[in-house]
>>> print(open('model.txt').read())   # compact mmCIF, C-alpha atoms
# COMPACT_ATOMS: atom_id res chain seq x y z
CA MET H 1045 67.41 116.83 58.41
CA LYS H 1046 65.94 119.28 60.90
CA ILE H 1047 63.64 118.39 63.73
CA LYS H 1048 62.09 120.14 66.69
CA TYR H 1049 61.54 117.96 69.72
CA PHE H 1050 61.15 118.14 73.49
CA ARG H 1051 63.92 116.89 75.78
CA LEU H 1052 64.68 117.69 79.39
CA ILE H 1053 68.45 117.52 79.56
CA THR H 1054 68.60 115.93 82.96
CA VAL H 1055 65.85 113.42 82.25
CA ILE H 1056 68.07 110.90 80.55
CA ILE H 1057 70.42 110.64 83.51
CA LEU H 1058 67.97 111.01 86.37
CA ASN H 1059 65.59 108.07 86.14
CA LEU H 1060 63.68 109.03 89.26
CA PHE H 1061 63.52 112.64 88.21
CA LEU H 1062 62.03 111.55 84.90
CA GLN H 1063 59.36 109.50 86.59
CA SER H 1064 58.35 112.32 88.93
CA CYS H 1065 58.19 114.84 86.10
CA MET H 1066 56.00 112.54 84.02
CA LYS H 1067 53.62 112.10 86.93
CA ASN H 1068 53.35 115.84 87.49
CA GLU H 1069 52.56 116.77 83.89
CA ALA H 1070 48.90 117.48 83.25
CA LEU H 1071 49.35 116.74 79.54
CA ASN H 1072 52.14 114.76 77.94
CA ALA H 1073 54.75 116.91 76.18
CA GLU H 1074 56.43 114.06 74.29
CA ALA H 1075 55.97 113.46 70.57
CA ASP H 1076 57.66 110.15 69.81
CA ILE H 1077 57.03 107.04 67.75
CA ILE H 1078 57.59 104.17 70.19
CA SER H 1079 57.01 101.24 67.83
CA ALA H 1080 55.86 100.62 64.29
CA GLY H 1081 54.56 97.83 62.07
CA LEU H 1082 53.12 96.96 58.68
CA PRO H 1083 49.74 95.31 58.09
CA SER H 1084 49.72 91.56 58.74
CA SER H 1085 47.62 91.15 55.59
CA THR H 1086 50.64 92.18 53.52
CA SER H 1087 52.88 89.32 52.43
CA LEU H 1088 56.26 90.72 53.48
CA ASN H 1089 59.57 89.29 54.59
CA ILE H 1090 60.38 91.91 57.26
CA GLU H 1091 64.04 91.79 58.31
CA SER H 1092 63.84 94.55 60.90
CA ILE H 1093 62.15 97.79 61.88
CA VAL H 1094 64.60 100.52 62.87
CA ILE H 1095 63.33 103.55 64.81
CA ASN H 1096 65.74 106.43 65.28
CA ASN H 1097 65.22 109.94 66.57
CA THR H 1098 64.19 111.24 63.15
CA SER H 1099 63.33 108.17 61.10
CA VAL H 1100 61.49 104.87 60.90
CA THR H 1101 62.83 102.28 58.46
CA PHE H 1102 61.05 99.07 57.53
CA ASN H 1103 63.73 96.73 56.13
CA ILE H 1104 62.08 94.10 53.94
CA LYS H 1105 63.63 91.38 51.81
CA ASP H 1106 63.01 90.26 48.22
CA PHE H 1107 59.62 91.92 47.76
CA GLN H 1108 58.11 92.11 44.29
CA GLY H 1109 55.34 94.62 43.72
CA GLU H 1110 54.36 98.16 44.59
CA LEU H 1111 55.60 99.52 47.90
CA THR H 1112 52.14 100.74 48.89
CA PHE H 1113 51.32 100.28 52.58
CA ALA H 1114 49.50 101.75 55.58
CA PRO H 1115 51.97 101.57 58.49
CA ASN H 1116 50.84 101.27 62.09
CA PHE H 1117 52.44 103.38 64.83
CA LEU H 1118 52.40 103.34 68.63
CA LEU H 1119 52.92 106.88 69.92
CA THR H 1120 53.69 108.40 73.29
CA ALA H 1121 50.56 108.88 75.42
CA GLY H 1122 48.05 111.30 73.91
CA ALA H 1123 50.13 112.14 70.82
CA THR H 1124 48.66 112.23 67.31
CA ILE H 1125 50.27 111.66 63.93
CA THR H 1126 49.82 113.10 60.44
CA PRO H 1127 49.12 111.40 58.05
CA LYS H 1128 46.79 109.38 60.25
CA VAL H 1129 47.47 105.74 61.09
CA GLY H 1130 45.86 103.61 58.38
CA THR H 1131 46.60 106.07 55.56
CA ILE H 1132 47.83 104.16 52.50
CA LEU H 1133 50.93 105.72 50.94
CA ASN H 1134 53.41 104.80 48.22
CA PHE H 1135 56.80 104.12 49.83
CA SER H 1136 58.80 103.93 46.62
CA GLU H 1137 60.00 107.26 48.06
CA PRO H 1138 60.32 108.07 51.80
CA GLN H 1139 57.26 109.66 53.37
CA ILE H 1140 57.19 112.40 56.02
CA TYR H 1141 55.11 111.99 59.19
CA THR H 1142 54.61 114.58 61.90
CA VAL H 1143 53.89 113.64 65.52
CA ILE H 1144 52.14 116.23 67.73
CA SER H 1145 52.33 115.95 71.52
CA GLN H 1146 49.26 115.68 73.71
CA ASP H 1147 49.69 119.24 74.98
CA ARG H 1148 49.93 120.41 71.33
CA GLN H 1149 53.09 122.37 72.12
CA TRP H 1150 55.68 120.08 70.56
CA THR H 1151 56.13 118.32 67.24
CA LYS H 1152 58.60 115.88 65.79
CA THR H 1153 59.08 115.02 62.13
CA TYR H 1154 59.94 111.47 61.05
CA THR H 1155 61.11 110.25 57.66
CA VAL H 1156 59.46 106.84 57.15
CA SER H 1157 60.97 104.49 54.57
CA VAL H 1158 60.34 100.97 53.32
CA VAL H 1159 63.72 99.60 52.19
CA ASN H 1160 63.49 96.60 49.85
CA ASP H 1161 66.83 94.74 49.82
CA ASN H 1162 66.98 92.37 46.85
CA SER H 1163 70.69 91.62 47.20
CA SER H 1164 71.55 87.94 46.98
CA ASN H 1165 73.74 87.85 50.09
CA ASN H 1166 72.96 88.79 53.66
CA SER H 1167 74.04 92.41 54.14
CA THR H 1168 76.25 91.27 57.02
CA TYR H 1169 78.76 89.82 54.56
CA LYS H 1170 79.17 93.02 52.59
CA LEU H 1171 82.26 95.13 53.05
CA HIS H 1172 81.34 98.04 55.32
CA SER H 1173 83.47 101.04 54.42
CA PHE H 1174 81.37 103.72 56.21
CA GLU H 1175 81.34 105.98 53.17
CA THR H 1176 77.77 107.13 53.75
CA ALA H 1177 76.38 108.94 56.79
CA ASP H 1178 73.50 111.28 57.49
CA ILE H 1179 73.96 114.43 59.52
CA ILE H 1180 71.11 114.65 62.02
CA THR H 1181 70.46 118.28 62.97
CA THR H 1182 68.44 118.98 66.10
CA GLU H 1183 67.12 122.28 67.39
CA ALA H 1184 66.32 121.54 71.04
CA PRO H 1185 68.97 120.81 72.14
CA LEU H 1186 70.92 122.25 69.25
CA GLY H 1187 73.42 119.92 67.58
CA SER H 1188 74.47 117.94 64.50
CA TYR H 1189 75.69 114.34 64.63
CA ASN H 1190 76.31 111.38 62.30
CA VAL H 1191 74.22 108.26 61.74
CA PHE H 1192 75.70 105.73 59.31
CA TYR H 1193 73.82 103.82 56.60
CA ASP H 1194 74.48 101.40 53.74
CA GLN H 1195 73.66 102.57 50.22
CA LEU H 1196 71.73 99.87 48.33
CA VAL H 1197 71.91 99.41 44.56
CA SER H 1198 68.36 100.76 44.40
CA GLY H 1199 69.60 104.00 45.93
CA GLN H 1200 67.76 103.40 49.20
CA LYS H 1201 69.39 103.84 52.59
CA LYS H 1202 69.63 100.83 54.91
CA TYR H 1203 70.36 101.67 58.54
CA ILE H 1204 72.08 98.73 60.24
CA TRP H 1205 74.93 100.54 62.06
CA ALA H 1206 74.00 102.54 65.15
CA ASN H 1207 75.71 104.66 67.80
CA ALA H 1208 74.78 106.56 70.97
CA ASN H 1209 75.18 110.10 69.63
CA GLU H 1210 71.50 110.80 70.22
CA GLY H 1211 71.93 110.10 73.92
CA PHE H 1212 75.02 112.31 74.18
CA ASN H 1213 73.13 115.08 72.41
CA VAL H 1214 70.84 115.68 75.38
CA LEU H 1215 73.91 116.97 77.27
CA ALA H 1216 75.42 118.88 74.34
CA SER H 1217 74.19 122.30 75.43
CA THR H 1218 75.84 121.86 78.85
CA LEU H 1219 79.22 121.09 77.23
CA THR H 1220 79.48 123.97 74.77
CA ALA H 1221 79.96 127.71 75.01
CA PRO H 1222 76.91 129.97 74.62
CA GLY H 1223 75.98 130.16 70.96
CA GLU H 1224 78.24 127.26 69.97
CA VAL H 1225 76.60 124.68 67.71
CA PRO H 1226 78.01 121.16 68.20
CA VAL H 1227 79.24 119.62 64.93
CA PRO H 1228 79.57 115.86 64.20
CA GLN H 1229 83.20 115.73 65.40
CA PHE H 1230 82.02 117.01 68.81
CA TYR H 1231 80.15 113.73 69.40
CA PRO H 1232 81.56 110.35 70.51
CA THR H 1233 81.02 108.77 67.05
CA SER H 1234 81.66 110.59 63.78
CA GLN H 1235 82.63 110.07 60.17
CA ILE H 1236 86.17 110.94 59.07
CA ASN H 1237 87.55 111.62 55.60
CA GLU H 1238 90.85 109.78 56.12
CA GLY H 1239 89.88 106.13 56.54
CA LYS H 1240 91.82 103.06 55.50
CA GLN H 1241 90.04 103.32 52.15
CA GLY H 1242 88.04 106.48 51.56
CA LYS H 1243 86.11 107.52 54.67
CA GLY H 1244 85.96 105.80 58.07
CA VAL H 1245 84.71 106.12 61.64
CA LEU H 1246 86.22 107.84 64.68
CA LEU H 1247 85.10 106.78 68.17
CA GLN H 1248 86.09 109.07 71.07
CA THR H 1249 85.60 108.81 74.81
CA LYS H 1250 84.08 112.13 75.86
CA SER H 1251 83.49 113.91 79.15
CA THR H 1252 79.85 114.42 80.07
CA GLY H 1253 80.75 117.46 82.14
CA PRO H 1254 79.69 118.44 85.65
CA LEU H 1255 76.12 117.24 85.16
CA GLY H 1256 77.17 113.76 84.06
CA GLY H 1257 79.76 113.50 86.82
CA LEU H 1258 77.24 114.57 89.44
CA PHE H 1259 75.10 111.55 88.67
CA GLY H 1260 77.77 108.91 88.26
CA SER H 1261 78.24 108.94 84.49
CA PRO H 1262 81.26 111.21 83.98
CA LEU H 1263 82.18 109.96 80.51
CA ALA H 1264 80.60 108.64 77.31
CA THR H 1265 82.35 106.01 75.23
CA GLY H 1266 82.40 106.25 71.45
CA SER H 1267 80.47 103.28 70.12
CA LEU H 1268 79.47 101.68 66.83
CA PHE H 1269 77.34 98.56 66.55
CA LEU H 1270 75.02 96.53 64.34
CA GLY H 1271 71.57 97.28 65.68
CA ASN H 1272 69.52 100.28 66.70
CA PHE H 1273 69.67 103.04 69.29
CA GLN H 1274 66.32 104.04 70.80
CA LEU H 1275 66.60 106.58 73.59
CA THR H 1276 64.98 105.29 76.76
CA VAL H 1277 65.42 105.05 80.52
CA PRO H 1278 67.54 103.53 81.93
CA SER H 1279 69.99 104.59 79.24
CA ILE H 1280 71.79 101.22 79.19
CA ASN H 1281 68.64 99.79 77.57
CA SER H 1282 68.81 102.32 74.71
CA THR H 1283 71.31 100.16 72.81
CA HIS H 1284 69.48 97.46 70.85
CA PHE H 1285 72.19 95.10 69.62
CA GLY H 1286 71.50 92.86 66.63
CA ILE H 1287 70.22 92.59 63.05
CA PRO H 1288 68.77 89.47 61.37
CA PHE H 1289 71.33 86.84 60.39
CA GLN H 1290 70.75 84.05 57.87
CA ALA H 1291 73.45 81.63 56.75
CA SER H 1292 74.08 77.94 56.32
CA GLU H 1293 76.76 77.99 59.02
CA ILE H 1294 78.48 80.15 61.62
CA PRO H 1295 80.95 82.65 60.08
CA LYS H 1296 84.66 82.24 60.59
CA SER H 1297 85.51 85.75 61.80
CA VAL H 1298 85.11 89.52 61.59
CA LYS H 1299 87.95 91.42 59.95
CA GLY H 1300 88.75 95.09 59.63
CA TYR H 1301 91.30 97.83 60.28
CA PHE H 1302 91.89 100.04 63.30
CA LYS H 1303 94.05 102.73 64.88
CA TYR H 1304 94.01 103.53 68.60
CA LYS H 1305 95.29 106.17 71.00
CA ALA H 1306 94.50 105.95 74.73
CA GLY H 1307 93.58 109.08 76.66
CA SER H 1308 96.12 110.40 79.13
CA THR H 1309 94.33 109.74 82.44
CA PHE H 1310 92.43 106.53 83.19
CA LEU H 1311 89.61 107.10 85.67
CA VAL H 1312 87.90 104.43 87.76
CA ASN H 1313 84.41 105.70 88.49
CA ASN H 1314 81.55 103.32 89.20
CA ALA H 1315 83.17 99.89 89.41
CA PRO H 1316 86.54 98.38 90.40
CA SER H 1317 89.02 97.90 87.57
CA SER H 1318 92.24 96.00 87.00
CA LEU H 1319 93.26 98.49 84.31
CA SER H 1320 95.68 101.35 84.80
CA LYS H 1321 95.45 102.55 81.20
CA ASP H 1322 92.54 102.75 78.81
CA THR H 1323 92.15 100.31 75.93
CA TRP H 1324 89.54 99.55 73.28
CA ASP H 1325 87.07 96.76 72.65
CA ALA H 1326 85.57 94.92 69.70
CA TYR H 1327 83.35 91.87 69.72
CA ALA H 1328 80.66 90.05 67.75
CA LEU H 1329 77.75 87.90 68.95
CA ILE H 1330 75.33 85.56 67.23
CA PHE H 1331 72.21 84.86 69.23
CA GLU H 1332 68.75 83.37 68.91
CA ALA H 1333 65.94 85.67 67.83
CA ARG H 1334 62.78 85.97 69.86
CA ASN H 1335 59.62 87.49 68.51
CA GLU H 1336 58.92 89.50 71.64
CA ASN H 1337 62.47 90.85 72.01
CA ASN H 1338 64.84 90.23 69.14
CA PHE H 1339 67.71 92.36 70.42
CA LEU H 1340 70.22 92.42 73.28
CA THR H 1341 70.68 95.52 75.43
CA GLY H 1342 73.78 96.84 77.16
CA THR H 1343 73.05 94.56 80.12
CA HIS H 1344 73.87 91.32 78.27
CA GLN H 1345 77.30 90.90 79.96
CA PHE H 1346 78.17 88.12 77.45
CA SER H 1347 76.01 85.76 79.52
CA ASP H 1348 72.58 85.97 77.88
CA GLU H 1349 71.23 82.45 77.36
CA ARG H 1350 70.41 83.21 73.72
CA ILE H 1351 74.05 83.74 72.70
CA ILE H 1352 75.35 80.75 70.73
CA ALA H 1353 78.63 82.10 69.33
CA MET H 1354 80.95 84.98 70.11
CA ALA H 1355 84.14 86.58 68.87
CA ARG H 1356 86.20 89.15 70.75
CA ILE H 1357 89.40 91.07 70.24
CA THR H 1358 92.33 89.51 72.10
CA GLN H 1359 94.48 91.33 74.61
CA GLN H 1360 97.42 91.07 72.19
CA GLN H 1361 95.43 92.91 69.51
CA ARG H 1362 94.42 95.75 71.84
CA THR H 1363 97.45 97.83 70.95
CA GLU H 1364 98.07 101.52 70.44
CA THR H 1365 99.05 102.42 66.89
CA ASN H 1366 98.87 105.44 64.61
CA GLN H 1367 98.93 103.25 61.49
CA TRP H 1368 95.96 101.41 60.03
CA THR H 1369 96.37 97.89 61.41
CA PRO H 1370 94.35 94.76 60.55
CA PHE H 1371 92.36 92.94 63.24
CA GLU H 1372 90.42 89.68 63.24
CA LEU H 1373 87.78 88.45 65.70
CA ILE H 1374 87.47 84.63 65.57
CA PHE H 1375 84.04 83.11 66.23
CA ASN H 1376 83.78 80.34 68.82
CA MET H 1377 80.69 78.40 69.77
CA VAL H 1378 79.39 78.79 73.31
CA PRO H 1379 79.75 75.45 75.15
CA SER H 1380 76.63 73.26 74.85
CA LYS H 1381 75.21 75.52 72.10
CA SER H 1382 74.68 74.64 68.43
CA TYR H 1383 73.63 76.39 65.25
CA ASP H 1384 70.49 75.34 63.37
CA PRO H 1385 70.11 77.09 59.96
CA SER H 1386 66.35 76.52 60.08
CA LYS H 1387 66.02 78.81 63.12
CA GLU H 1388 66.09 82.61 63.26
CA TYR H 1389 69.21 84.34 64.57
CA MET H 1390 70.61 87.82 65.08
CA ILE H 1391 74.15 89.14 64.79
CA THR H 1392 75.84 92.19 66.25
CA ILE H 1393 79.32 93.64 65.92
CA VAL H 1394 80.34 96.18 68.58
CA PHE H 1395 83.24 98.65 68.76
CA ALA H 1396 84.03 100.89 71.76
CA SER H 1397 86.77 103.43 72.43
CA SER H 1398 86.96 102.39 76.12
CA LEU H 1399 86.86 98.76 77.20
CA GLU H 1400 85.03 99.49 80.47
CA GLY H 1401 82.94 102.34 79.16
CA ASP H 1402 79.75 100.54 80.17
CA LYS H 1403 80.98 100.93 83.78
CA PHE H 1404 81.97 104.57 83.11
CA ASN H 1405 85.64 103.65 83.56
CA GLY H 1406 87.98 105.04 80.93
CA ALA H 1407 90.10 107.95 79.79
CA VAL H 1408 88.60 111.05 78.25
CA GLY H 1409 90.33 111.58 74.92
CA SER H 1410 90.74 107.91 73.99
CA GLN H 1411 90.33 107.54 70.23
CA LEU H 1412 89.54 104.47 68.13
CA TRP H 1413 89.46 104.59 64.32
CA ILE H 1414 87.61 101.80 62.46
CA ASP H 1415 87.23 101.01 58.75
CA GLU H 1416 86.71 98.24 56.16
CA VAL H 1417 84.75 95.83 58.39
CA GLN H 1418 83.52 92.52 57.02
CA VAL H 1419 82.15 89.22 58.29
CA ILE H 1420 84.17 86.35 56.77
CA LYS H 1421 82.68 83.00 55.79
CA GLU H 1422 84.67 79.78 56.09
>>> encode(input="model.txt", output="structure tokens")
Amino acid sequence: MKIKYFRLITVIILNLFLQSCMKNEALNAEADIISAGLPSSTSLNIESIVINNTSVTFNIKDFQGELTFAPNFLLTAGATITPKVGTILNFSEPQIYTVISQDRQWTKTYTVSVVNDNSSNNSTYKLHSFETADIITTEAPLGSYNVFYDQLVSGQKKYIWANANEGFNVLASTLTAPGEVPVPQFYPTSQINEGKQGKGVLLQTKSTGPLGGLFGSPLATGSLFLGNFQLTVPSINSTHFGIPFQASEIPKSVKGYFKYKAGSTFLVNNAPSSLSKDTWDAYALIFEARNENNFLTGTHQFSDERIIAMARITQQQRTETNQWTPFELIFNMVPSKSYDPSKEYMITIVFASSLEGDKFNGAVGSQLWIDEVQVIKE
């Protein structure tokens, strides 16, 4: 997939700089889809709406009939979209939309899909082997990175696993030699051919270079999570953790396989740390859904009042090993919380190559390999 889009490299790091630039622009130069929806008149069981840098995916459940809809889109100020909002299209195949900025100088192409999942079980319980990944190719800044998806029986792509490669991409041109085109392995999260079974995922803690260090974010942690990444400011709010979860009871655990190698030099940057060596993290959360904000951001700190159950890797399991090793995260209820199957919930599973990466503490070069992940029922 190729796109052409407008990004100021320093904008993502410099919140105040972004705000001042936006104020000084006579016409908006952004061409983004901010949010999307389907007509309320349509009888649909919408699981989630996933907006990425190049795609919009409407995940619906158990729909019978023609996939003919007229999606609604909220765009950046002054932008226009083709086909126009309200145009009825057949989404049995993905449709291409083009957003044009207010100043008419910039365009961005989105692939818009309606994914109808008729599988009998919640997709959370499927074995996730990470065999399928798109390569997102960007032109400004130039780069190519992986976004993972699940292949449904129907042949459609369901995007439930996300990473922060899009955010790292805005710095890519400052980290490469002139003329060098970053490939997927250059980014913090990439697909590998040598997984536990078939392919897998490699998470790497990367340097953000002089520009990142100048503004207090000298490294980027490799991450993989159930949810969506939508580039915004502040960047910690770009991670939208969670996908819909439906079950008669809380799961027992999350199982999978890992390998880990810590980077050579652990750096304490923005917050005190008790660590002297880098280590990895893995956790899962089940939390209550809310119509106005169904996800958790990177600020949740395991203390959000909506969280009802959590599972996290133990210190004993955070080992270094060059062999594929099983792990298990055991779910425990949060004190005073309960699970009601009649209510709506979300679930996320999160992997990170540096435990304190959200504080920008870690070791450049730390590597975490993940494969064969599955949520286990009792």
>>> residues_around(input="model.txt", residues="range 1125-1134 of chain H", least_positions_apart="2", cutoff="9 Å", atoms="all atoms listed in the file", output="list of chain:residue names")
H:Ala1075, H:Glu1110, H:Leu1111, H:Thr1112, H:Phe1113, H:Ala1114, H:Pro1115, H:Asn1116, H:Phe1117, H:Leu1119, H:Ala1123, H:Ser1136, H:Glu1137, H:Pro1138, H:Gln1139, H:Ile1140, H:Tyr1141, H:Thr1142, H:Val1143, H:Ile1144, H:Ser1145
>>> residues_near_point(input="model.txt", point="(79.2, 85.7, 66.9)", cutoff="7 Å", atoms="all atoms listed in the file", output="PDB file with C-alpha atoms, keeping the file's coordinate frame")
ATOM      1  CA  ALA H1328      80.660  90.050  67.750  1.00  0.00           C
ATOM      2  CA  LEU H1329      77.750  87.900  68.950  1.00  0.00           C
ATOM      3  CA  ILE H1330      75.330  85.560  67.230  1.00  0.00           C
ATOM      4  CA  ALA H1353      78.630  82.100  69.330  1.00  0.00           C
ATOM      5  CA  MET H1354      80.950  84.980  70.110  1.00  0.00           C
ATOM      6  CA  ALA H1355      84.140  86.580  68.870  1.00  0.00           C
ATOM      7  CA  PHE H1375      84.040  83.110  66.230  1.00  0.00           C
ATOM      8  CA  ILE H1391      74.150  89.140  64.790  1.00  0.00           C
TER       9      ILE H1391
END
>>> residues_around(input="model.txt", residues="Val1245 in chain H", least_positions_apart="6", cutoff="10 Å", atoms="all atoms listed in the file", output="NGL selection string")
:H and (1173-1175 or 1190 or 1192 or 1233-1239 or 1267-1268 or 1302 or 1412-1416)
>>> closest_residue(input="model.txt", among="H:Thr1358, H:Gln1108, H:Asn1366, H:Asn1096", to="Ala1208 in chain H", atoms="only C-alpha atoms")
H:Asn1096
>>> atom_distance(input="model.txt", atom1="CA of Thr1151 in chain H", atom2="CA of Glu1091 in chain H")
29.1 Å
>>> closest_residue(input="model.txt", among="H:Asn1272, H:Thr1153, H:Thr1182, H:Asn1103", to="Ser1217 in chain H", atoms="all atoms listed in the file")
H:Thr1182
>>> residues_near_point(input="model.txt", point="(77.6, 81.3, 81.1)", cutoff="9 Å", atoms="all atoms listed in the file", output="number ranges by chain")
H: 1346-1349, 1378-1379
>>> atom_distance(input="model.txt", atom1="CA of Leu1255 in chain H", atom2="CA of Thr1220 in chain H")
12.8 Å
>>> atom_distance(input="model.txt", atom1="CA of Thr1392 in chain H", atom2="CA of Leu1270 in chain H")
4.8 Å
